[in-house]
Amino acid sequence: MLSIKNLQARIEEKEILKGINLEIKAGEVHAIMGPNGSGKSTLASVLAGRSDYEVTGGTVEFQGKDLLELAPEDRAREGVFLAFQYPIEIPGVSTTNFIKTAVNEVRKYRGEEPMDAVAFLKKMKEKMKLVEIDQSLLSRSLNEGFSGGEKKRNEIFQMAMLEPKFAILDETDSGLDIDALRIVAEGVNKLKSKDNATLVITHYQRLLEYIVPDYVHVLYKGRIVKSGGKELALELEEKGYDFIKEELGEEVEA
Amino acid sequence: MSELKELIQDKISKESFSGNGSLKALSQKGLELFNEQGIPTVKHEEWKYTRISVVLNKDFSYAVDATAVTAKDVDAFRLPGHEAANELVFVNGIYHAELSNIRSSADELVILPLSEAVKGEYKAIVDANLGHSAGYHNDGVNALNNAFAYQGLFISVKKNKSVEHPLYCYYINDARTVNVLSQPRTLIHVAVNAEVKLVEEEVTIGTSDSFINKVSEIVVEENAQVHIYKIQNEDSHSSCVKTTHVRQLGVSKVNSVTITLNGGTIRNNLNFILEAPGCESNMYGLYCVKGNTHIDNHTIVDNQQPHSLSNELYKGIMDENATGVFNGKIFVRQDAQKTNAYQSNKNVLLSDTASVNTKPQLEIFADDVKCSHGCTIGRLDDEALFYLQARGIGEKAAKALLLHAFAIEILEKIELEPIRQYVDQIISERLDFEI
């Protein structure tokens, strides 16, 4: 489904991704872990098409298409979804209207008719249950005054409404208490199917107890330095990121 | 401008002004000051960024026959909700009773020529308030309107009356044959415990040049509530100076929303004089302009007594070659302790050739007050734009969504549904936004 080859990217003059290789197939859940500043969020941003980053080398193929050639909105319409680490507050845009616009723009791209009001409301109700989100929240301005947990649940709610083929969860666990984490993770798990794939980006192993990955990759200084099964996450949790540095023959600060 | 001088002096000598001292005095004084000062140039501090002389120094007619305007002409621009409104029609600056529809009864709403009001039971109110704005605008433009005050209109909302039918005021310039300069003048008295909503729109008929120099003085008594909604949506050959001067004489609440959607050179003076403790004044503005429109909002809040609250928020969306000015003065006098005064001006520039000059001016003489001011001039937030795009919303639609969101904060302040919807519709069409 997604094939990343030797991806390199920088922001301004700073090289951040220095050659990422990653293959993700339909039905798989991959986790990317790594210390702060290793390039995790940059990878998410580059895949979603944030313009601050300049891709300096490599390719990303998504379902046979050159993803890097597509505008951010077209990536979303093709089925890429980024759950933001810091969802933006947009006063004056109602959450419901926003989601309706998004859903219908995606449908239009696929040559489908816009969803009628009844079908849309039905789908909303169904997906609201999934992430235990309240109607009153959705009638408010987008993310405005939402708590950290509400913002993250809203991200997963949008994901449920848009039904992406490939979802990137960028540190969705950050700032969540255990109950919110459980709700978010259960939502993600229910959306999982043999036809879609998920990339979970996280600093901690905690989220991976709930969203169990098929593969875990360690990102360090802009490269994937180690890959393995779900047990790699546990190993990282136990030993800390220093063990990666040791394996790479770097000096570990006391 | 000698023609004007002669015209007014001729009028003043012809018309009977017995027992109307304050009105006659104001007209005469206005004429004198206008002759002395003339039209302000950019050297005048208050007119630095608005070249009013360019639009005013033209061959204008001052006394155009109003009879050419028919009810059918008015039908073309009646605002939504007019069926339930009092419609006050001014033609070339003068109130036109036949074209107007007054639905409220006389025990609620009194409408009189100023020349009558100055003689009868309202004499004391007229004497005490007419021309109060001149103390805040010592310039030729204000003086020019004062010179024509004798043809003004007096409106009184009676004590304890909440006027159900809003007052829709249309200021029409009939510029079908000649360039028209008009000088509408109103004194609006809102008595104790009364409530009224005012909606104002300028309209030019025809394609000759049009200039409206309007002064409206509003006196608000104890426990009264006033809403003032202005809609400005004209062509480039129509310019105006609109001065709205509000005196809050008792604990009262006044909301003002000024929406500017296009025009030639537009100057709005909005003054709030808070003369009693505990007043609330809300001043909102949205200008969404393009072409060569020049929009200048000059506001004054004069806090004279303690415990008052003023909120001011003006937002601008500037496209093409549009230019904007925001000047917000806040005075907090020595006695006005515990004043809360907030001011903010936010602008989005959509083109490289649009510009805004914004200037807050706070003069605080009391020591226990909360005042804030801020201004921003910028582009749309890239982060917000990316967030919307990342959900599949195209760049153009995402921008429209964000601009509409920017505007809606002001539109929501219009507490008159047909008018709010009407303005929202125009803005949405302008921004290519689907409601």
# chains A, B, ... in the order shown; residues from 1 in each chain; ligands from 1

$ select_by_dssp --residues "stretch 6-235 of chain A" --states "strand (DSSP E or B)" --output "ChimeraX atom specification"
/A:6-11,14-24,29-33,53-62,65-66,80-83,90-94,141-142,166-170,197-202,215-220,223-228

$ residues_around --residues "A:Ala197" --least-positions-apart "2" --cutoff "9 Å" --atoms "only C-alpha atoms" --output "mmCIF file with C-alpha atoms, in the first residue's frame"
data_model
loop_
_atom_site.group_PDB
_atom_site.id
_atom_site.type_symbol
_atom_site.label_atom_id
_atom_site.label_comp_id
_atom_site.auth_asym_id
_atom_site.auth_seq_id
_atom_site.Cartn_x
_atom_site.Cartn_y
_atom_site.Cartn_z
ATOM 1 C CA MET A 1 0.000 0.000 0.000
ATOM 2 C CA LEU A 2 2.710 2.466 1.029
ATOM 3 C CA ILE A 24 3.441 -0.959 4.746
ATOM 4 C CA LYS A 25 0.850 -3.415 3.478
ATOM 5 C CA ALA A 26 -2.928 -3.369 3.807
ATOM 6 C CA GLY A 27 -4.117 -4.786 7.123
ATOM 7 C CA GLU A 28 -0.899 -3.936 8.963
ATOM 8 C CA VAL A 29 -0.236 -1.743 11.961
ATOM 9 C CA HIS A 30 3.240 -0.255 12.161
ATOM 10 C CA PRO A 164 -8.995 6.529 5.269
ATOM 11 C CA LYS A 165 -6.984 3.698 3.783
ATOM 12 C CA PHE A 166 -3.843 4.768 5.550
ATOM 13 C CA ALA A 167 -3.903 6.608 8.880
ATOM 14 C CA ILE A 168 -0.954 8.205 10.632
ATOM 15 C CA LYS A 192 -8.966 -1.451 11.652
ATOM 16 C CA SER A 193 -9.649 -3.764 8.730
ATOM 17 C CA LYS A 194 -7.804 -5.940 6.258
ATOM 18 C CA ASP A 195 -8.068 -3.147 3.703
ATOM 19 C CA LEU A 199 1.154 4.043 11.307
#

$ closest_atom_pairs --of "chain A" --to "chain B" --cutoff "9 Å" --atoms "only C-alpha atoms" --output "CSV"
residue,atom,partner,partner_atom,distance
A:Ala48,CA,B:Ala390,CA,6.6
A:Gly49,CA,B:Ala390,CA,7.9
A:Arg50,CA,B:Phe386,CA,6.7
A:Ser51,CA,B:Phe386,CA,8.4
A:Ala71,CA,B:Gln389,CA,8.4
A:Pro72,CA,B:Ala390,CA,5.5
A:Glu73,CA,B:Gly392,CA,4.1
A:Asp74,CA,B:Gly392,CA,6.3
A:Arg75,CA,B:Gly392,CA,7.5
A:Ala76,CA,B:Gly392,CA,4.8
A:Arg77,CA,B:Gly392,CA,5.3
A:Glu78,CA,B:Gly392,CA,8.8
A:Val80,CA,B:Ala390,CA,8.4
A:Phe81,CA,B:Ala390,CA,7.1
A:Leu82,CA,B:Ala390,CA,7.1
A:Phe84,CA,B:Tyr387,CA,8.3
A:Pro87,CA,B:Tyr387,CA,7.8
A:Ile88,CA,B:Ala384,CA,6.1
A:Glu89,CA,B:Ala384,CA,7.7
A:Ile90,CA,B:Ala384,CA,6.9
A:Pro91,CA,B:Ala405,CA,6.6
A:Gly92,CA,B:Ala405,CA,4.1
A:Val93,CA,B:Ala405,CA,5.5
A:Ser94,CA,B:Ala405,CA,8.9
A:Phe98,CA,B:Leu388,CA,8.2
A:Ile99,CA,B:Arg391,CA,8.3
A:Thr101,CA,B:Ile393,CA,7.1
A:Ala102,CA,B:Ile393,CA,5.4
A:Val103,CA,B:Gly392,CA,7.8
A:Asn104,CA,B:Ile393,CA,8.9
A:Glu105,CA,B:Ile393,CA,6.0
A:Val106,CA,B:Gly392,CA,5.8
A:Gln158,CA,B:Arg391,CA,8.4
A:Leu162,CA,B:Arg391,CA,8.1

$ write_last_selection --atoms "N, CA and C atoms" --output "CSV table (one decimal), in the first residue's frame"
chain,number,residue,atom,x,y,z
A,48,ALA,N,1.9,13.8,5.0
A,48,ALA,CA,0.6,14.5,4.8
A,48,ALA,C,0.8,15.7,3.9
A,49,GLY,N,2.0,16.1,3.7
A,49,GLY,CA,2.2,17.2,2.7
A,49,GLY,C,2.3,18.6,3.3
A,50,ARG,N,2.8,18.7,4.5
A,50,ARG,CA,3.0,20.0,5.1
A,50,ARG,C,4.1,20.8,4.3
A,51,SER,N,3.8,22.0,4.0
A,51,SER,CA,4.8,22.7,3.0
A,51,SER,C,6.0,23.2,3.7
A,71,ALA,N,-1.0,17.4,-3.9
A,71,ALA,CA,-1.3,18.5,-2.9
A,71,ALA,C,-1.9,17.8,-1.6
A,72,PRO,N,-1.8,18.5,-0.5
A,72,PRO,CA,-2.2,17.9,0.8
A,72,PRO,C,-3.7,17.4,0.7
A,73,GLU,N,-4.6,18.2,0.1
A,73,GLU,CA,-6.0,17.8,0.0
A,73,GLU,C,-6.2,16.6,-0.9
A,74,ASP,N,-5.3,16.4,-1.9
A,74,ASP,CA,-5.5,15.2,-2.8
A,74,ASP,C,-4.9,14.0,-2.1
A,75,ARG,N,-3.9,14.2,-1.2
A,75,ARG,CA,-3.5,13.0,-0.5
A,75,ARG,C,-4.6,12.5,0.4
A,76,ALA,N,-5.3,13.5,1.1
A,76,ALA,CA,-6.4,13.1,2.0
A,76,ALA,C,-7.5,12.4,1.1
A,77,ARG,N,-7.8,13.0,0.0
A,77,ARG,CA,-8.8,12.4,-0.9
A,77,ARG,C,-8.5,11.0,-1.4
A,78,GLU,N,-7.2,10.8,-1.5
A,78,GLU,CA,-6.7,9.4,-1.9
A,78,GLU,C,-6.8,8.4,-0.8
A,80,VAL,N,-5.2,9.2,2.6
A,80,VAL,CA,-4.2,9.3,3.7
A,80,VAL,C,-4.8,10.2,4.8
A,81,PHE,N,-4.7,9.8,6.0
A,81,PHE,CA,-5.2,10.6,7.1
A,81,PHE,C,-4.1,10.8,8.1
A,82,LEU,N,-3.9,12.1,8.6
A,82,LEU,CA,-3.0,12.4,9.6
A,82,LEU,C,-3.8,12.9,10.9
A,84,PHE,N,-3.5,14.7,14.0
A,84,PHE,CA,-2.5,15.7,14.4
A,84,PHE,C,-2.0,15.6,15.8
A,87,PRO,N,-3.9,19.3,17.3
A,87,PRO,CA,-5.0,19.7,16.5
A,87,PRO,C,-5.3,21.2,16.6
A,88,ILE,N,-5.5,21.9,15.5
A,88,ILE,CA,-5.6,23.3,15.5
A,88,ILE,C,-7.0,23.8,15.9
A,89,GLU,N,-7.1,24.8,16.7
A,89,GLU,CA,-8.4,25.4,17.1
A,89,GLU,C,-8.8,26.4,16.0
A,90,ILE,N,-9.9,26.3,15.4
A,90,ILE,CA,-10.4,27.3,14.4
A,90,ILE,C,-11.7,27.9,14.8
A,91,PRO,N,-11.7,29.0,15.5
A,91,PRO,CA,-12.9,29.6,15.9
A,91,PRO,C,-13.8,30.0,14.7
A,92,GLY,N,-15.1,29.9,14.8
A,92,GLY,CA,-16.0,30.3,13.7
A,92,GLY,C,-16.3,29.3,12.7
A,93,VAL,N,-15.6,28.1,12.8
A,93,VAL,CA,-15.9,27.0,11.9
A,93,VAL,C,-16.5,25.9,12.7
A,94,SER,N,-17.8,25.6,12.5
A,94,SER,CA,-18.4,24.6,13.3
A,94,SER,C,-17.9,23.2,12.9
A,98,PHE,N,-17.5,21.5,9.2
A,98,PHE,CA,-16.2,21.2,8.7
A,98,PHE,C,-16.1,19.7,8.3
A,99,ILE,N,-16.6,18.9,9.1
A,99,ILE,CA,-16.6,17.4,8.8
A,99,ILE,C,-17.4,17.1,7.5
A,101,THR,N,-18.1,19.2,5.1
A,101,THR,CA,-17.4,19.7,3.9
A,101,THR,C,-16.3,18.8,3.5
A,102,ALA,N,-15.6,18.3,4.5
A,102,ALA,CA,-14.5,17.4,4.2
A,102,ALA,C,-15.0,16.1,3.6
A,103,VAL,N,-16.0,15.5,4.2
A,103,VAL,CA,-16.6,14.2,3.7
A,103,VAL,C,-17.0,14.4,2.2
A,104,ASN,N,-17.7,15.5,2.0
A,104,ASN,CA,-18.2,15.7,0.6
A,104,ASN,C,-17.1,16.1,-0.4
A,105,GLU,N,-16.1,16.7,0.1
A,105,GLU,CA,-15.0,17.0,-0.9
A,105,GLU,C,-14.3,15.7,-1.3
A,106,VAL,N,-14.2,14.8,-0.3
A,106,VAL,CA,-13.5,13.5,-0.6
A,106,VAL,C,-14.4,12.7,-1.6
A,158,GLN,N,-12.9,12.2,13.3
A,158,GLN,CA,-12.8,12.6,11.9
A,158,GLN,C,-12.3,11.5,11.0
A,162,LEU,N,-14.0,9.9,7.8
A,162,LEU,CA,-13.4,9.9,6.5
A,162,LEU,C,-13.0,8.5,6.0

$ closest_residue --among "A:Ala9, A:Val55, A:Ile4, A:Ala83" --to "A:Glu23" --atoms "only C-alpha atoms"
A:Ile4

$ select_by_dssp --residues "stretch 59-308 of chain B" --states "helix (DSSP H, G or I)" --output "count of residues only"
34

$ atom_distance --atom1 "atom CA of B:Gly135" --atom2 "atom CA of B:Asp302"
12.2 Å

$ closest_residue --among "A:Glu237, A:Asp179, A:Glu247, A:Glu231" --to "A:Arg206" --atoms "only C-alpha atoms"
A:Glu237

$ residues_around --residues "B:Val163" --least-positions-apart "6" --cutoff "9 Å" --atoms "only C-alpha atoms" --output "number ranges by chain"
B: 104, 108-109, 157, 194-197

$ residues_around --residues "B:Pro166" --least-positions-apart "4" --cutoff "10 Å" --atoms "only C-alpha atoms" --output "list in words"
Gly81, His82, Ala84, Ala85, Asn86, Glu87, Arg103, Ser104, Ser162, Glu195, Val196, Lys197, Leu198, Val199, His227 and Leu416 of chain B

$ residues_around --residues "stretch 229-232 of chain B" --least-positions-apart "5" --cutoff "9 Å" --atoms "only C-alpha atoms" --output "number ranges by chain"
B: 197-203, 255-263, 266, 414, 419, 423

$ write_last_selection --atoms "N, CA and C atoms" --output "JSON list (two decimals), in the first residue's frame"
[["chain", "number", "residue", "atom", "x", "y", "z"],
["B", 197, "LYS", "N", -33.81, 49.37, 17.86],
["B", 197, "LYS", "CA", -32.78, 48.90, 16.94],
["B", 197, "LYS", "C", -32.78, 49.79, 15.70],
["B", 198, "LEU", "N", -31.61, 50.26, 15.33],
["B", 198, "LEU", "CA", -31.47, 51.12, 14.15],
["B", 198, "LEU", "C", -30.66, 50.40, 13.09],
["B", 199, "VAL", "N", -31.13, 50.48, 11.86],
["B", 199, "VAL", "CA", -30.36, 49.92, 10.74],
["B", 199, "VAL", "C", -30.19, 51.03, 9.72],
["B", 200, "GLU", "N", -28.99, 51.22, 9.27],
["B", 200, "GLU", "CA", -28.75, 52.32, 8.32],
["B", 200, "GLU", "C", -28.06, 51.82, 7.07],
["B", 201, "GLU", "N", -28.50, 52.35, 5.95],
["B", 201, "GLU", "CA", -27.80, 52.03, 4.71],
["B", 201, "GLU", "C", -27.80, 53.26, 3.80],
["B", 202, "GLU", "N", -26.67, 53.49, 3.14],
["B", 202, "GLU", "CA", -26.61, 54.57, 2.15],
["B", 202, "GLU", "C", -26.88, 53.96, 0.78],
["B", 203, "VAL", "N", -27.58, 54.70, -0.03],
["B", 203, "VAL", "CA", -27.88, 54.22, -1.37],
["B", 203, "VAL", "C", -27.71, 55.34, -2.38],
["B", 255, "ASN", "N", -25.02, 48.81, 21.48],
["B", 255, "ASN", "CA", -24.21, 47.95, 20.61],
["B", 255, "ASN", "C", -24.17, 48.56, 19.22],
["B", 256, "SER", "N", -23.00, 48.62, 18.66],
["B", 256, "SER", "CA", -22.88, 49.14, 17.30],
["B", 256, "SER", "C", -22.14, 48.13, 16.44],
["B", 257, "VAL", "N", -22.69, 47.82, 15.28],
["B", 257, "VAL", "CA", -22.00, 46.94, 14.33],
["B", 257, "VAL", "C", -21.95, 47.66, 12.98],
["B", 258, "THR", "N", -20.77, 47.87, 12.48],
["B", 258, "THR", "CA", -20.60, 48.57, 11.21],
["B", 258, "THR", "C", -20.02, 47.60, 10.18],
["B", 259, "ILE", "N", -20.79, 47.35, 9.13],
["B", 259, "ILE", "CA", -20.35, 46.41, 8.10],
["B", 259, "ILE", "C", -20.07, 47.19, 6.81],
["B", 260, "THR", "N", -18.86, 47.11, 6.34],
["B", 260, "THR", "CA", -18.51, 47.82, 5.12],
["B", 260, "THR", "C", -18.13, 46.82, 4.05],
["B", 261, "LEU", "N", -18.87, 46.86, 2.94],
["B", 261, "LEU", "CA", -18.66, 45.84, 1.92],
["B", 261, "LEU", "C", -18.13, 46.39, 0.60],
["B", 262, "ASN", "N", -18.11, 47.68, 0.45],
["B", 262, "ASN", "CA", -17.52, 48.33, -0.73],
["B", 262, "ASN", "C", -17.96, 49.78, -0.78],
["B", 263, "GLY", "N", -17.32, 50.53, -1.64],
["B", 263, "GLY", "CA", -17.66, 51.94, -1.79],
["B", 263, "GLY", "C", -16.46, 52.69, -2.32],
["B", 266, "ILE", "N", -14.69, 55.93, 2.30],
["B", 266, "ILE", "CA", -15.65, 55.83, 3.40],
["B", 266, "ILE", "C", -14.97, 56.19, 4.71],
["B", 414, "ILE", "N", -24.83, 40.89, 15.23],
["B", 414, "ILE", "CA", -26.05, 41.53, 14.71],
["B", 414, "ILE", "C", -27.26, 40.76, 15.24],
["B", 419, "ILE", "N", -31.25, 40.82, 8.93],
["B", 419, "ILE", "CA", -30.11, 41.65, 8.56],
["B", 419, "ILE", "C", -28.82, 40.83, 8.65],
["B", 423, "VAL", "N", -26.36, 40.06, 5.42],
["B", 423, "VAL", "CA", -24.94, 40.40, 5.36],
["B", 423, "VAL", "C", -24.09, 39.14, 5.18]]

$ residues_around --residues "stretch 20-24 of chain B" --least-positions-apart "6" --cutoff "7 Å" --atoms "only C-alpha atoms" --output "list of chain:residue names"
B:Ser115, B:Val118, B:Lys119, B:Asp127, B:Ala149, B:Tyr150

$ residues_around --residues "B:Asp352" --least-positions-apart "3" --cutoff "12 Å" --atoms "only C-alpha atoms" --output "list in words"
Met318, Asp319, Glu320, Asn321, Ala322, Thr323, Val348, Leu349, Ser355, Val356, Gly378 and Arg379 of chain B

$ atom_distance --atom1 "atom CA of A:Thr96" --atom2 "atom CA of B:Leu411"
19.5 Å

$ closest_residue --among "B:Leu270, B:Leu181, B:Ala76, B:Leu167" --to "B:His237" --atoms "only C-alpha atoms"
B:Leu181

$ closest_residue --among "A:Lys125, A:Arg110, A:Arg223, A:Lys190" --to "A:Leu7" --atoms "only C-alpha atoms"
A:Arg223

$ atom_distance --atom1 "atom CA of B:Val91" --atom2 "atom CA of B:Glu121"
27.1 Å

$ decode --residues "stretch 105-126 of chain A" --atoms "N, CA and C atoms" --output "tab-separated table (two decimals), in the first residue's frame"
chain	number	residue	atom	x	y	z
A	105	GLU	N	-16.09	16.74	0.06
A	105	GLU	CA	-14.98	17.03	-0.87
A	105	GLU	C	-14.30	15.72	-1.28
A	106	VAL	N	-14.16	14.83	-0.32
A	106	VAL	CA	-13.54	13.53	-0.62
A	106	VAL	C	-14.44	12.73	-1.57
A	107	ARG	N	-15.74	12.77	-1.30
A	107	ARG	CA	-16.69	12.04	-2.17
A	107	ARG	C	-16.67	12.60	-3.60
A	108	LYS	N	-16.62	13.92	-3.69
A	108	LYS	CA	-16.59	14.57	-5.00
A	108	LYS	C	-15.38	14.11	-5.80
A	109	TYR	N	-14.25	14.03	-5.12
A	109	TYR	CA	-13.00	13.60	-5.75
A	109	TYR	C	-13.13	12.18	-6.30
A	110	ARG	N	-13.90	11.38	-5.57
A	110	ARG	CA	-14.07	9.99	-6.00
A	110	ARG	C	-15.24	9.83	-6.96
A	111	GLY	N	-15.82	10.95	-7.37
A	111	GLY	CA	-16.93	10.91	-8.32
A	111	GLY	C	-18.23	10.47	-7.70
A	112	GLU	N	-18.35	10.63	-6.37
A	112	GLU	CA	-19.60	10.25	-5.71
A	112	GLU	C	-20.44	11.49	-5.42
A	113	GLU	N	-21.76	11.27	-5.28
A	113	GLU	CA	-22.68	12.35	-4.93
A	113	GLU	C	-22.42	12.81	-3.50
A	114	PRO	N	-22.68	14.09	-3.19
A	114	PRO	CA	-22.56	14.52	-1.79
A	114	PRO	C	-23.53	13.74	-0.92
A	115	MET	N	-23.16	13.54	0.32
A	115	MET	CA	-24.00	12.78	1.23
A	115	MET	C	-25.21	13.64	1.62
A	116	ASP	N	-26.40	13.06	1.63
A	116	ASP	CA	-27.55	13.87	2.05
A	116	ASP	C	-27.56	14.00	3.57
A	117	ALA	N	-28.34	14.98	4.04
A	117	ALA	CA	-28.32	15.34	5.45
A	117	ALA	C	-28.66	14.17	6.37
A	118	VAL	N	-29.64	13.37	5.94
A	118	VAL	CA	-30.08	12.26	6.79
A	118	VAL	C	-28.97	11.20	6.93
A	119	ALA	N	-28.39	10.83	5.79
A	119	ALA	CA	-27.33	9.82	5.80
A	119	ALA	C	-26.11	10.32	6.60
A	120	PHE	N	-25.84	11.61	6.44
A	120	PHE	CA	-24.69	12.19	7.14
A	120	PHE	C	-24.90	12.14	8.66
A	121	LEU	N	-26.09	12.54	9.08
A	121	LEU	CA	-26.39	12.54	10.53
A	121	LEU	C	-26.34	11.12	11.10
A	122	LYS	N	-26.82	10.19	10.32
A	122	LYS	CA	-26.83	8.79	10.77
A	122	LYS	C	-25.39	8.30	10.97
A	123	LYS	N	-24.56	8.63	10.00
A	123	LYS	CA	-23.16	8.22	10.09
A	123	LYS	C	-22.46	8.91	11.26
A	124	MET	N	-22.77	10.19	11.43
A	124	MET	CA	-22.19	10.93	12.56
A	124	MET	C	-22.51	10.25	13.88
A	125	LYS	N	-23.81	9.94	14.07
A	125	LYS	CA	-24.26	9.34	15.33
A	125	LYS	C	-23.51	8.03	15.60
A	126	GLU	N	-23.40	7.25	14.55
A	126	GLU	CA	-22.74	5.94	14.64
A	126	GLU	C	-21.26	6.11	15.07
